[in-house]
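Data block for final_18.txt (compact mmCIF, C-alpha atoms):
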# COMPACT_ATOMS: atom_id res chain seq x y z
CA MET G 4 0.00 0.00 0.00
CA ASN G 5 1.34 3.43 -0.87
CA LYS G 6 1.71 6.35 1.54
CA LYS G 7 -1.52 8.03 0.43
CA GLY G 8 -3.47 4.82 1.06
CA ILE G 9 -2.03 4.45 4.54
CA LEU G 10 -2.71 8.13 5.27
CA PHE G 11 -6.30 7.84 4.01
CA ILE G 12 -7.03 4.71 6.09
CA SER G 13 -5.46 6.34 9.16
CA VAL G 14 -7.57 9.49 8.78
CA VAL G 15 -10.78 7.50 8.23
CA ALA G 16 -10.04 5.26 11.24
CA LEU G 17 -9.39 8.32 13.38
CA LEU G 18 -12.58 10.03 12.26
CA LEU G 19 -14.64 6.87 12.76
CA ALA G 20 -13.29 6.53 16.29
CA LEU G 21 -13.94 10.18 17.10
CA PRO G 22 -17.73 10.09 17.65
CA ALA G 23 -17.45 7.06 19.91
CA ALA G 24 -14.71 8.82 21.87
CA LEU G 25 -16.75 12.03 22.16
CA ASN G 26 -19.84 10.10 23.23
CA ALA G 27 -17.84 8.10 25.73
CA GLN G 28 -16.57 11.40 27.14
CA CYS G 29 -20.17 12.59 27.36
CA LYS G 30 -21.16 9.47 29.27
CA GLN G 31 -18.20 9.81 31.63
CA PHE G 32 -19.07 13.47 32.16
CA ALA G 33 -22.71 12.59 32.89
CA LYS G 34 -21.64 9.85 35.28
CA ASN G 35 -18.84 11.63 37.11
CA THR G 36 -20.25 15.14 37.26
CA CYS G 37 -24.02 14.95 37.10
CA LYS G 38 -24.95 11.54 38.50
CA ALA G 39 -22.45 11.77 41.34
CA ASN G 40 -23.97 15.05 42.54
CA LEU G 41 -27.51 13.73 42.61
CA GLU G 42 -26.82 12.18 46.02
CA PRO G 43 -28.55 11.66 48.40
CA TYR G 44 -31.18 11.20 45.71
CA GLN G 45 -31.08 7.85 43.87
CA HIS G 46 -30.39 8.14 40.15
CA ASP G 47 -33.11 6.37 38.14
CA GLY G 48 -30.71 4.77 35.64
CA ASN G 49 -31.90 6.81 32.65
CA TYR G 50 -29.33 8.50 30.44
CA HIS G 51 -30.09 11.74 28.64
CA ALA G 52 -27.03 13.55 27.35
CA ALA G 53 -25.92 15.07 24.08
CA LEU G 54 -23.35 17.35 22.57
CA LEU G 55 -24.94 20.79 22.25
CA ILE G 56 -23.53 24.00 20.85
CA GLU G 57 -23.96 27.53 22.16
CA GLY G 58 -27.44 28.80 21.45
CA GLU G 59 -28.89 25.31 21.11
CA GLU G 60 -32.00 24.27 23.03
CA ALA G 61 -33.29 20.93 24.21
CA GLU G 62 -36.40 19.76 25.98
CA LEU G 63 -37.25 16.63 27.89
CA TYR G 64 -40.66 15.22 28.81
CA LYS G 65 -41.11 13.09 31.91
CA THR G 66 -43.80 12.05 34.37
CA PHE G 67 -43.06 12.73 38.03
CA TYR G 68 -45.00 10.99 40.76
CA SER G 69 -46.64 12.20 43.93
CA ASP G 70 -45.19 11.25 47.30
CA ARG G 71 -41.62 11.25 45.98
CA ASN G 72 -38.87 13.83 46.32
CA TYR G 73 -36.97 14.57 43.12
CA ARG G 74 -33.76 16.27 42.11
CA VAL G 75 -33.41 17.34 38.49
CA GLY G 76 -29.84 18.11 37.47
CA VAL G 77 -28.82 19.85 34.25
CA CYS G 78 -25.05 19.78 33.83
CA GLY G 79 -22.93 21.39 31.14
CA ALA G 80 -19.30 20.77 30.24
CA GLY G 81 -16.71 23.23 31.53
CA ASN G 82 -16.25 24.98 28.18
CA LEU G 83 -19.90 26.09 28.19
CA ASP G 84 -21.42 28.95 30.19
CA ASP G 85 -23.92 28.10 32.93
CA ILE G 86 -26.77 26.14 31.37
CA GLU G 87 -30.21 27.72 31.60
CA PHE G 88 -33.19 25.53 32.36
CA LYS G 89 -36.86 25.86 33.13
CA VAL G 90 -39.43 23.35 34.35
CA VAL G 91 -42.80 23.75 32.73
CA ASP G 92 -46.27 22.24 33.17
CA THR G 93 -46.89 20.52 29.82
CA ARG G 94 -50.64 21.17 30.00
CA ASN G 95 -50.50 24.95 29.93
CA GLY G 96 -46.84 25.96 29.59
CA LYS G 97 -46.76 27.49 33.08
CA VAL G 98 -43.16 27.94 34.22
CA LEU G 99 -42.75 26.27 37.62
CA TYR G 100 -39.03 26.84 37.99
CA ASP G 101 -36.46 28.99 36.21
CA ASN G 102 -32.82 28.57 37.22
CA SER G 103 -31.93 32.01 35.80
CA LEU G 104 -33.79 33.39 38.84
CA ASN G 105 -31.67 31.19 41.11
CA ASN G 106 -28.09 32.02 40.08
CA PHE G 107 -28.22 29.38 37.33
CA ASP G 108 -28.17 26.62 39.93
CA TRP G 109 -27.55 23.31 38.10
CA LYS G 110 -30.10 21.43 40.21
CA TRP G 111 -33.63 21.80 41.50
CA ASP G 112 -35.19 19.78 44.34
CA PHE G 113 -38.94 19.35 44.40
CA LYS G 114 -41.85 17.13 45.37
CA LEU G 115 -45.39 16.87 44.06
CA GLU G 116 -48.81 16.66 45.67
CA SER G 117 -50.11 14.91 42.57
CA SER G 118 -48.36 13.15 39.70
CA GLN G 119 -47.61 15.42 36.74
CA GLN G 120 -46.05 15.31 33.32
CA LEU G 121 -43.45 18.09 33.19
CA LYS G 122 -41.16 19.46 30.51
CA ILE G 123 -37.55 20.42 31.23
CA MET G 124 -36.43 23.16 28.81
CA VAL G 125 -32.70 23.62 28.46
CA LYS G 126 -30.64 26.25 26.66
CA VAL G 127 -26.90 26.57 26.19
CA PRO G 128 -26.31 30.33 26.43
CA ILE G 129 -24.21 32.13 23.87
CA SER G 130 -20.95 33.45 25.24
CA ASP G 131 -20.51 37.23 25.34
CA ILE G 132 -17.02 36.81 23.93
CA ASP G 133 -16.91 37.06 20.14
CA VAL G 134 -15.60 33.85 18.67
CA GLU G 135 -15.73 32.53 15.13
CA GLU G 136 -17.03 29.08 16.04
CA PRO G 137 -19.59 28.54 18.82
CA GLU G 138 -18.43 26.22 21.61
CA GLU G 139 -19.78 22.67 21.74
CA GLY G 140 -19.96 20.55 24.86
CA CYS G 141 -21.78 17.79 26.63
CA VAL G 142 -25.05 18.61 28.40
CA ALA G 143 -26.69 15.99 30.61
CA ILE G 144 -30.17 15.99 32.13
CA MET G 145 -30.45 13.55 35.01
CA PHE G 146 -32.95 12.70 37.72
CA GLY G 147 -32.74 11.32 41.19
CA SER G 148 -35.53 10.52 43.60
CA MET G 149 -36.16 9.41 47.16
CA ASN G 150 -39.12 8.58 49.34
CA ASN G 151 -40.91 11.47 51.02
CA MET H 28 -7.27 15.76 -14.77
CA ASN H 29 -4.22 14.10 -13.30
CA ARG H 30 -4.26 11.02 -11.08
CA SER H 31 -3.35 12.79 -7.83
CA LEU H 32 -6.27 15.18 -8.23
CA ILE H 33 -8.66 12.25 -8.73
CA ILE H 34 -7.33 10.58 -5.56
CA SER H 35 -7.66 13.85 -3.61
CA GLY H 36 -11.25 14.20 -4.82
CA LYS H 37 -12.05 10.67 -3.65
CA ILE H 38 -10.45 11.35 -0.28
CA ILE H 39 -12.47 14.55 0.14
CA ALA H 40 -15.68 12.72 -0.82
CA MET H 41 -14.98 9.95 1.69
CA LEU H 42 -14.09 12.43 4.41
CA THR H 43 -17.34 14.30 3.75
CA LEU H 44 -19.25 11.04 4.13
CA VAL H 45 -17.39 10.16 7.32
CA LEU H 46 -17.95 13.62 8.77
CA GLY H 47 -21.64 13.22 7.99
CA LEU H 48 -21.65 9.94 9.89
CA ILE H 49 -19.93 11.64 12.81
CA GLY H 50 -22.67 14.23 12.86
CA THR H 51 -25.33 11.56 13.19
CA GLY H 52 -23.28 9.56 15.66
CA CYS H 53 -23.32 12.42 18.13
CA ASN H 54 -27.00 13.07 17.68
CA GLN H 55 -28.73 11.83 20.82
CA GLY H 56 -32.16 13.19 21.37
CA LYS H 57 -33.96 13.90 18.13
CA ARG H 58 -33.79 17.34 16.59
CA SER H 59 -37.13 18.79 15.68
CA GLY H 60 -39.32 21.83 15.94
CA THR H 61 -38.08 25.34 16.36
CA VAL H 62 -36.28 27.20 19.08
CA SER H 63 -38.77 28.63 21.53
CA ASP H 64 -39.12 32.19 22.67
CA GLU H 65 -39.13 30.95 26.28
CA PHE H 66 -35.51 31.96 26.75
CA GLU H 67 -34.17 35.50 26.51
CA ALA H 68 -31.48 36.03 23.89
CA SER H 69 -28.13 35.87 25.67
CA GLY H 70 -25.70 36.80 22.91
CA THR H 71 -25.24 36.77 19.19
CA LEU H 72 -24.31 34.12 16.66
CA ASP H 73 -23.56 34.51 13.00
CA PRO H 74 -26.79 34.38 10.93
CA GLU H 75 -26.02 30.98 9.38
CA THR H 76 -25.51 29.26 12.75
CA GLN H 77 -28.58 31.00 14.18
CA GLU H 78 -30.63 29.80 11.21
CA GLN H 79 -29.49 26.22 11.80
CA LEU H 80 -30.40 26.45 15.49
CA ASN H 81 -33.80 27.92 14.68
CA THR H 82 -34.74 24.72 12.92
CA ALA H 83 -33.20 22.33 15.43
CA LYS H 84 -34.13 21.48 18.96
CA ARG H 85 -33.24 18.27 20.77
CA ILE H 86 -36.24 16.43 22.13
CA PHE H 87 -35.88 13.76 24.80
CA TYR H 88 -38.70 11.54 26.01
CA SER H 89 -37.98 10.00 29.39
CA LEU H 90 -39.80 6.81 30.34
CA PRO H 91 -39.81 5.34 33.82
CA SER H 92 -36.69 3.16 34.07
CA PRO H 93 -37.01 -0.43 35.37
CA LEU H 94 -35.53 0.80 38.66
CA GLU H 95 -38.00 3.67 38.97
CA THR H 96 -40.89 1.34 38.10
CA ALA H 97 -39.87 -1.10 40.83
CA MET H 98 -39.44 1.76 43.33
CA LEU H 99 -42.96 3.00 42.58
CA ILE H 100 -44.36 -0.49 43.18
CA LYS H 101 -42.48 -0.95 46.45
CA ASN H 102 -43.31 2.52 47.75
CA ALA H 103 -46.99 2.01 47.04
CA GLY H 104 -46.93 -0.63 49.76
CA ALA H 105 -46.88 -3.63 47.45
CA GLU H 106 -45.58 -7.01 48.48
CA TYR H 107 -42.94 -9.25 46.95
CA ASP H 108 -44.18 -12.15 44.85
CA GLU H 109 -41.51 -14.10 43.00
CA MET H 110 -44.17 -15.97 41.02
CA LEU H 111 -44.90 -12.75 39.12
CA MET H 112 -41.37 -12.47 37.75
CA ASN H 113 -40.20 -13.93 34.47
CA PRO H 114 -38.33 -17.13 35.39
CA THR H 115 -34.61 -16.87 34.71
CA ALA H 116 -34.78 -20.33 33.11
CA ASN H 117 -36.53 -18.65 30.17
CA THR H 118 -33.39 -16.88 28.95
CA ASP H 119 -32.70 -19.56 26.33
CA ARG H 120 -36.00 -18.73 24.60
CA TYR H 121 -34.88 -15.30 23.52
CA ILE H 122 -33.19 -15.50 20.16
CA THR H 123 -34.26 -12.36 18.30
CA SER H 124 -32.98 -8.87 19.06
CA LYS H 125 -36.54 -7.79 19.86
CA SER H 126 -37.08 -10.53 22.44
CA LYS H 127 -33.64 -9.89 23.95
CA ALA H 128 -34.33 -6.16 24.21
CA LEU H 129 -37.79 -6.65 25.71
CA ASN H 130 -36.50 -9.19 28.20
CA LEU H 131 -33.49 -7.07 29.13
CA GLY H 132 -36.09 -4.55 30.28
CA ILE H 133 -38.25 -7.24 31.89
CA TYR H 134 -35.37 -8.87 33.76
CA SER H 135 -34.08 -5.43 34.80
CA THR H 136 -37.43 -4.64 36.40
CA ASP H 137 -37.49 -8.07 38.07
CA LEU H 138 -33.91 -7.49 39.27
CA SER H 139 -34.84 -4.09 40.70
CA TYR H 140 -38.01 -5.51 42.29
CA ALA H 141 -36.09 -8.38 43.94
CA SER H 142 -33.30 -6.12 45.20
CA LEU H 143 -35.69 -3.57 46.71
CA PHE H 144 -37.19 -6.41 48.75
CA ASP H 145 -33.72 -7.64 49.80
CA GLN H 146 -34.09 -10.93 47.93
CA THR H 147 -30.40 -11.70 47.66
CA GLN H 148 -30.48 -14.96 45.69
CA ALA H 149 -33.10 -13.64 43.27
CA THR H 150 -31.01 -10.49 42.81
CA LEU H 151 -28.00 -12.59 41.83
CA ASN H 152 -30.08 -14.77 39.51
CA TYR H 153 -31.73 -11.84 37.78
CA ILE H 154 -28.53 -9.89 37.20
CA ASP H 155 -27.20 -12.99 35.44
CA ALA H 156 -30.36 -13.12 33.31
CA ALA H 157 -30.10 -9.41 32.50
CA LYS H 158 -26.42 -9.85 31.63
CA GLU H 159 -27.29 -12.68 29.25
CA MET H 160 -29.77 -10.42 27.44
CA ALA H 161 -27.31 -7.49 27.35
CA ASP H 162 -24.53 -9.74 26.06
CA GLY H 163 -26.92 -11.09 23.42
CA LEU H 164 -27.49 -7.52 22.23
CA ASN H 165 -23.70 -6.96 22.17
CA ILE H 166 -23.98 -4.24 24.78
CA LEU H 167 -20.37 -4.14 25.81
CA ASP H 168 -19.53 -3.90 29.48
CA ALA H 169 -23.03 -2.91 30.60
CA ILE H 170 -22.89 -5.73 33.11
CA ASP H 171 -19.38 -7.11 33.28
CA GLU H 172 -17.80 -9.65 35.62
CA GLU H 173 -16.53 -6.86 37.84
CA THR H 174 -20.11 -5.57 38.25
CA ILE H 175 -21.34 -9.01 39.26
CA GLN H 176 -18.45 -9.44 41.67
CA ARG H 177 -19.21 -6.04 43.23
CA LEU H 178 -22.85 -7.04 43.54
CA GLU H 179 -21.92 -10.30 45.26
CA GLU H 180 -19.60 -8.51 47.67
CA HIS H 181 -22.32 -6.04 48.68
CA ILE H 182 -25.31 -8.32 48.37
CA ASN H 183 -26.56 -7.35 51.84
CA ASN H 184 -26.20 -3.62 51.27
CA ARG H 185 -29.33 -2.48 49.47
CA ASP H 186 -28.06 1.05 48.74
CA VAL H 187 -24.97 -0.26 46.97
CA ILE H 188 -27.02 -2.84 45.06
CA ILE H 189 -29.46 -0.17 43.86
CA ASP H 190 -26.55 2.02 42.80
CA ILE H 191 -25.04 -0.86 40.82
CA ILE H 192 -28.38 -1.51 39.10
CA SER H 193 -28.73 2.19 38.28
CA GLU H 194 -25.26 2.16 36.75
CA THR H 195 -25.91 -0.96 34.66
CA LEU H 196 -29.13 0.60 33.33
CA MET H 197 -27.26 3.78 32.45
CA ASN H 198 -24.47 1.77 30.78
CA SER H 199 -26.96 -0.15 28.62
CA SER H 200 -28.93 2.94 27.69
CA SER H 201 -25.88 5.06 26.88
CA PHE H 202 -24.27 2.27 24.84
CA LEU H 203 -27.38 1.76 22.73
CA LYS H 204 -27.96 5.48 22.19
CA GLU H 205 -24.31 6.17 21.41
CA ASN H 206 -24.32 3.44 18.80
CA GLY H 207 -27.40 4.63 16.95
CA LEU H 208 -29.65 1.98 18.52
CA GLU H 209 -32.17 4.37 20.08
CA SER H 210 -35.01 2.10 18.93
CA THR H 211 -33.54 -0.84 20.88
CA ALA H 212 -33.09 1.40 23.94
CA SER H 213 -36.78 2.33 23.68
CA VAL H 214 -37.86 -1.31 23.36
CA VAL H 215 -35.82 -2.19 26.48
CA LEU H 216 -37.62 0.53 28.45
CA VAL H 217 -41.04 -0.57 27.21
CA GLY H 218 -40.27 -4.16 28.25
CA GLY H 219 -39.38 -2.97 31.73
CA TRP H 220 -42.46 -0.77 31.93
CA VAL H 221 -44.83 -3.57 30.83
CA GLU H 222 -43.27 -5.90 33.42
CA GLY H 223 -43.88 -3.29 36.12
CA LEU H 224 -47.47 -2.91 34.99
CA TYR H 225 -47.90 -6.71 34.99
CA ILE H 226 -46.53 -7.03 38.53
CA ALA H 227 -48.57 -4.08 39.79
CA THR H 228 -51.89 -5.17 38.27
CA ASN H 229 -51.42 -8.64 39.73
CA LEU H 230 -50.68 -7.34 43.22
CA VAL H 231 -53.98 -5.48 43.39
CA ASN H 232 -57.20 -7.01 44.63
CA GLU H 233 -59.43 -6.12 41.70
CA TYR H 234 -62.52 -6.26 43.91
CA ASN H 235 -61.18 -3.56 46.22
CA LEU H 236 -59.59 -0.76 44.24
CA GLU H 237 -60.69 2.07 46.52
CA GLY H 238 -57.91 3.77 48.47
CA ASN H 239 -55.19 1.50 47.11
CA LYS H 240 -52.00 3.47 46.43
CA LEU H 241 -50.86 0.93 43.86
CA VAL H 242 -54.07 1.50 41.87
CA GLU H 243 -53.27 5.23 41.86
CA ARG H 244 -49.77 4.45 40.58
CA ILE H 245 -51.21 2.28 37.80
CA ALA H 246 -53.61 5.09 36.81
CA ASP H 247 -50.65 7.53 36.83
CA GLN H 248 -49.08 5.54 34.01
CA LYS H 249 -51.63 7.18 31.72
CA LEU H 250 -49.48 10.33 32.03
CA SER H 251 -46.50 8.54 30.44
CA LEU H 252 -48.32 6.98 27.50
CA ASP H 253 -48.02 9.89 25.08
CA ILE H 254 -44.31 10.15 26.01
CA MET H 255 -43.91 6.46 25.22
CA ILE H 256 -45.81 6.74 21.94
CA ASN H 257 -43.79 9.79 20.85
CA LEU H 258 -40.57 7.98 21.68
CA LEU H 259 -41.55 4.86 19.73
CA GLU H 260 -42.87 6.89 16.80
CA GLU H 261 -39.40 8.35 16.38
CA SER H 262 -38.22 4.81 15.61
CA ALA H 263 -41.40 3.56 13.96
CA GLU H 264 -39.50 2.58 10.80
CA ASP H 265 -37.73 -0.01 12.95
CA GLN H 266 -39.84 -3.17 12.83
CA ASP H 267 -39.35 -4.08 16.50
CA ALA H 268 -40.22 -0.60 17.71
CA GLY H 269 -43.19 -0.50 15.33
CA GLU H 270 -44.59 -3.76 16.73
CA VAL H 271 -44.13 -2.60 20.30
CA LEU H 272 -45.80 0.70 19.41
CA ALA H 273 -48.90 -1.22 18.26
CA ASP H 274 -49.06 -2.91 21.70
CA ILE H 275 -48.73 0.40 23.49
CA ARG H 276 -51.53 1.90 21.39
CA GLU H 277 -53.79 -0.97 22.49
CA LEU H 278 -52.95 -0.17 26.10
CA LYS H 279 -53.56 3.53 25.49
CA ALA H 280 -57.08 2.77 24.27
CA ILE H 281 -57.78 1.25 27.71
CA PHE H 282 -55.92 3.91 29.71
CA ASP H 283 -58.03 6.53 27.91
CA LYS H 284 -61.03 5.14 29.82
CA ILE H 285 -59.43 6.24 33.09
CA THR H 286 -60.38 9.81 33.98
CA ILE H 287 -57.76 11.94 35.70
CA GLU H 288 -58.75 15.44 36.85
CA GLN H 289 -55.87 17.78 37.62
CA GLY H 290 -56.01 21.29 38.98
CA GLU H 291 -53.53 24.07 38.32
CA VAL H 292 -50.04 23.54 39.71
CA THR H 293 -48.51 26.14 42.03
CA ALA H 294 -44.85 26.02 43.04
CA VAL H 295 -44.12 26.86 46.69
CA GLU H 296 -40.53 26.80 47.91
CA ASP H 297 -39.58 26.03 51.50
CA PRO H 298 -36.78 28.54 52.23
CA GLU H 299 -35.33 26.30 54.96
CA THR H 300 -34.92 23.15 52.89
CA ASN H 301 -34.87 24.77 49.42
CA ILE H 302 -37.30 22.06 48.36
CA THR H 303 -40.20 23.25 46.22
CA THR H 304 -43.61 21.65 46.55
CA LEU H 305 -45.72 21.55 43.42
CA LYS H 306 -49.14 22.00 44.96
CA SER H 307 -52.17 20.78 43.04
CA GLU H 308 -55.31 18.81 43.49
CA SER H 309 -56.14 15.75 41.47
CA SER H 310 -58.58 12.89 41.37
CA PHE H 311 -59.07 9.87 39.19
CA ASP H 312 -61.84 7.49 38.23
CA PHE H 313 -60.66 3.95 37.50
CA PRO H 314 -63.73 1.72 37.11
CA GLN H 315 -63.33 -1.92 38.07
CA SER H 316 -64.31 -3.03 34.54
CA VAL H 317 -61.51 -0.90 33.08
CA PHE H 318 -59.03 -2.31 35.61
CA LYS H 319 -59.97 -5.87 34.59
CA GLU H 320 -59.66 -4.99 30.91
CA LEU H 321 -56.26 -3.41 31.50
CA LYS H 322 -55.02 -6.34 33.58
CA SER H 323 -56.10 -8.77 30.88
CA LYS H 324 -54.43 -6.79 28.06
CA VAL H 325 -51.21 -6.39 30.05
CA LEU H 326 -51.17 -10.16 30.68
CA GLU H 327 -51.66 -10.82 26.96
CA ILE H 328 -48.87 -8.44 25.88
CA ARG H 329 -46.46 -9.52 28.61
CA SER H 330 -47.09 -13.21 27.79
CA SER H 331 -46.21 -12.52 24.16
CA TYR H 332 -42.98 -10.83 25.30
CA ILE H 333 -41.75 -13.60 27.58
CA SER H 334 -42.84 -16.59 25.48
Render the structure in this file as structure tokens.
Amino acid sequence: MNKKGILFISVVALLLALPAALNAQCKQFAKNTCKANLEPYQHDGNYHAALLIEGEEAELYKTFYSDRNYRVGVCGAGNLDDIEFKVVDTRNGKVLYDNSLNNFDWKWDFKLESSQQLKIMVKVPISDIDVEEPEEGCVAIMFGSMNN
Amino acid sequence: MNRSLIISGKIIAMLTLVLGLIGTGCNQGKRSGTVSDEFEASGTLDPETQEQLNTAKRIFYSLPSPLETAMLIKNAGAEYDEMLMNPTANTDRYITSKSKALNLGIYSTDLSYASLFDQTQATLNYIDAAKEMADGLNILDAIDEETIQRLEEHINNRDVIIDIISETLMNSSSFLKENGLESTASVVLVGGWVEGLYIATNLVNEYNLEGNKLVERIADQKLSLDIMINLLEESAEDQDAGEVLADIRELKAIFDKITIEQGEVTAVEDPETNITTLKSESSFDFPQSVFKELKSKVLEIRSSYIS
């Protein structure tokens, strides 16, 4: 095989390995940073994480049950500014929590008098510093719960 | 055109294809819809990037995990009944990827159920069964030998056991999603959810539904059905997910006969604990005939999954 062939195969192999490596980093980030800080709440085992870029939004739908205490954690990689998130009643869009009113706290602890389907709305803010390419980083949304 | 230019062109074309694949490989949570006006603008992006973001929003649908399902059953005051679990001797029956995925979810719920009731031998048996299903789906290292050894070492420590189960569920889910197998991840969760529903409906005395917390929990599952359907519809082109979706739609037709009344939710924060209570009133009407119909349909679907 000539040099160009070897170079081509090497580049392709590297690029094919890259997404798996990035995703593995995302999982490790979710596990080490977000899941670990859910304590004393018990993580439910679900995994919701993705690479997001500045300005990008995400939303997550989940049913929460009465008589349980919950912690929702929204964690962003270190290269991203504090992640904004809101918790909304899916029936009428009423905002029940907004972390921008709470110093962009990464977590919110709550309990419910009756079971509800809620929507977690997440936004990666755009940095004030002018850069050519927006930053991209892992954002994880995780839940823990415990008995009342 | 000389030969080196042709080779360069081919390399560029291949790299473009590979980069495209990378883009999809990182895509967890489907992109759809438009960016909302719920958030204030926090800075500026170049118009092209902003345009791309305006047409892309990640949507995640979160189903109750097998662990959460088992916790809901236990905390509703239910009892432990090993006869309701899928026997571990059945593992040899599951040959197809669909049956392995469904029964990974089913065995994971059984494992969680057994561990929450401190059933040490059943816990060990069911983690082996779940491992067999995960291995059959080529989910690498979700449940490895080290995990099983850790479980054995801490078999009398429920908190550690639950943490290990949580981690194995996260490993399976992340592996499937990271490898473009979101449909399989969804089928696993549906299997676990159906198992929870099967256990719960069989632990209820159908002649005395009034005031039973477990009945309330079963009715609450109505709130997750549209989430489940949306999740499966994202993978509806996948045959396994499509078949499971048909089952869930049959269950939805029955759940639709349960009436749930919910008042407006008000958030009240306790400044001492920083815990917010979402205050609201709700009530539900779950007629006995509907309960029997649901129990029968769940039995039928679950039987088809474990056979």
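When all atoms listed in the file are used to compute distances to chain H, the closest of the residues G:Ala39, G:Ile129, G:Leu83, G:Val75 turns out to be G:Ile129.
Distances here use only C-alpha atoms; by that measure, the residue among G:Thr36, G:Asn49, G:Gln28, G:Ser103 closest to chain H is G:Asn49.
Relative to CA of Thr93 (chain G), CA of Thr286 (chain H) is found at 17.7 Å.
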By how many Å are CA of Ser92 (chain H) and CA of Tyr121 (chain H) apart?
21.3 Å
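For the pair CA of Ala280 (chain H) and CA of Leu252 (chain H), the interatomic distance is 10.2 Å.
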Spatial sel., origin (-22.8, -4.0, 26.0), limit 10 Å, only C-alpha atoms, listed as a PyMOL selection string:
chain H and resi 158+160-171+195+198-203
Which of G:Glu62, G:Tyr50, G:Ile123, G:Ile86 sits closest to Ser213 (chain H) [using only C-alpha atoms]:
G:Tyr50
Output the contact residues of chain G with respect to chain H at a cut-off of 6 Å, based on only C-alpha atoms, as number ranges by chain.
G: 22, 47-50, 53, 59-66, 99, 112-116, 128-129, 131
Might you pull out every residue within 12 Å of Lys284 (chain H), with only C-alpha atoms counted and same-chain residues fewer than 2 positions away left off, and present them as a PDB file with C-alpha atoms, in the frame of the given file?
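Output (out06.pdb):
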ATOM      1  CA  ALA H 246     -53.610   5.090  36.810  1.00  0.00           C
ATOM      2  CA  LYS H 249     -51.630   7.180  31.720  1.00  0.00           C
ATOM      3  CA  GLU H 277     -53.790  -0.970  22.490  1.00  0.00           C
ATOM      4  CA  LEU H 278     -52.950  -0.170  26.100  1.00  0.00           C
ATOM      5  CA  LYS H 279     -53.560   3.530  25.490  1.00  0.00           C
ATOM      6  CA  ALA H 280     -57.080   2.770  24.270  1.00  0.00           C
ATOM      7  CA  ILE H 281     -57.780   1.250  27.710  1.00  0.00           C
ATOM      8  CA  PHE H 282     -55.920   3.910  29.710  1.00  0.00           C
ATOM      9  CA  THR H 286     -60.380   9.810  33.980  1.00  0.00           C
ATOM     10  CA  ILE H 287     -57.760  11.940  35.700  1.00  0.00           C
ATOM     11  CA  PHE H 311     -59.070   9.870  39.190  1.00  0.00           C
ATOM     12  CA  ASP H 312     -61.840   7.490  38.230  1.00  0.00           C
ATOM     13  CA  PHE H 313     -60.660   3.950  37.500  1.00  0.00           C
ATOM     14  CA  PRO H 314     -63.730   1.720  37.110  1.00  0.00           C
ATOM     15  CA  GLN H 315     -63.330  -1.920  38.070  1.00  0.00           C
ATOM     16  CA  SER H 316     -64.310  -3.030  34.540  1.00  0.00           C
ATOM     17  CA  VAL H 317     -61.510  -0.900  33.080  1.00  0.00           C
ATOM     18  CA  PHE H 318     -59.030  -2.310  35.610  1.00  0.00           C
ATOM     19  CA  GLU H 320     -59.660  -4.990  30.910  1.00  0.00           C
ATOM     20  CA  LEU H 321     -56.260  -3.410  31.500  1.00  0.00           C
TER      21      LEU H 321
END
I need every residue sitting at most 10 Å from the point (-21.8, 24.3, 32.2) (coordinates as in the file, only C-alpha atoms considered), written as an mmCIF file with C-alpha atoms, keeping the file's coordinate frame.
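Written out: out_5.cif:
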data_model
loop_
_atom_site.group_PDB
_atom_site.id
_atom_site.type_symbol
_atom_site.label_atom_id
_atom_site.label_comp_id
_atom_site.auth_asym_id
_atom_site.auth_seq_id
_atom_site.Cartn_x
_atom_site.Cartn_y
_atom_site.Cartn_z
ATOM 1 C CA VAL G 77 -28.820 19.850 34.250
ATOM 2 C CA CYS G 78 -25.050 19.780 33.830
ATOM 3 C CA GLY G 79 -22.930 21.390 31.140
ATOM 4 C CA ALA G 80 -19.300 20.770 30.240
ATOM 5 C CA GLY G 81 -16.710 23.230 31.530
ATOM 6 C CA ASN G 82 -16.250 24.980 28.180
ATOM 7 C CA LEU G 83 -19.900 26.090 28.190
ATOM 8 C CA ASP G 84 -21.420 28.950 30.190
ATOM 9 C CA ASP G 85 -23.920 28.100 32.930
ATOM 10 C CA ILE G 86 -26.770 26.140 31.370
ATOM 11 C CA GLU G 87 -30.210 27.720 31.600
ATOM 12 C CA PHE G 107 -28.220 29.380 37.330
ATOM 13 C CA TRP G 109 -27.550 23.310 38.100
ATOM 14 C CA VAL G 127 -26.900 26.570 26.190
ATOM 15 C CA PRO G 128 -26.310 30.330 26.430
ATOM 16 C CA GLY G 140 -19.960 20.550 24.860
ATOM 17 C CA CYS G 141 -21.780 17.790 26.630
ATOM 18 C CA VAL G 142 -25.050 18.610 28.400
ATOM 19 C CA ALA G 143 -26.690 15.990 30.610
#
Which one is closest to His51 (chain G): H:Glu327, H:Glu233, H:Glu270, H:Glu209? Count only C-alpha atoms.
H:Glu209
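Compared by their closest atoms to Val325 (chain H), and using all atoms listed in the file, the residues H:Ala263, H:Val242, H:Ile226, H:Ile133 rank with H:Ile226 nearest.
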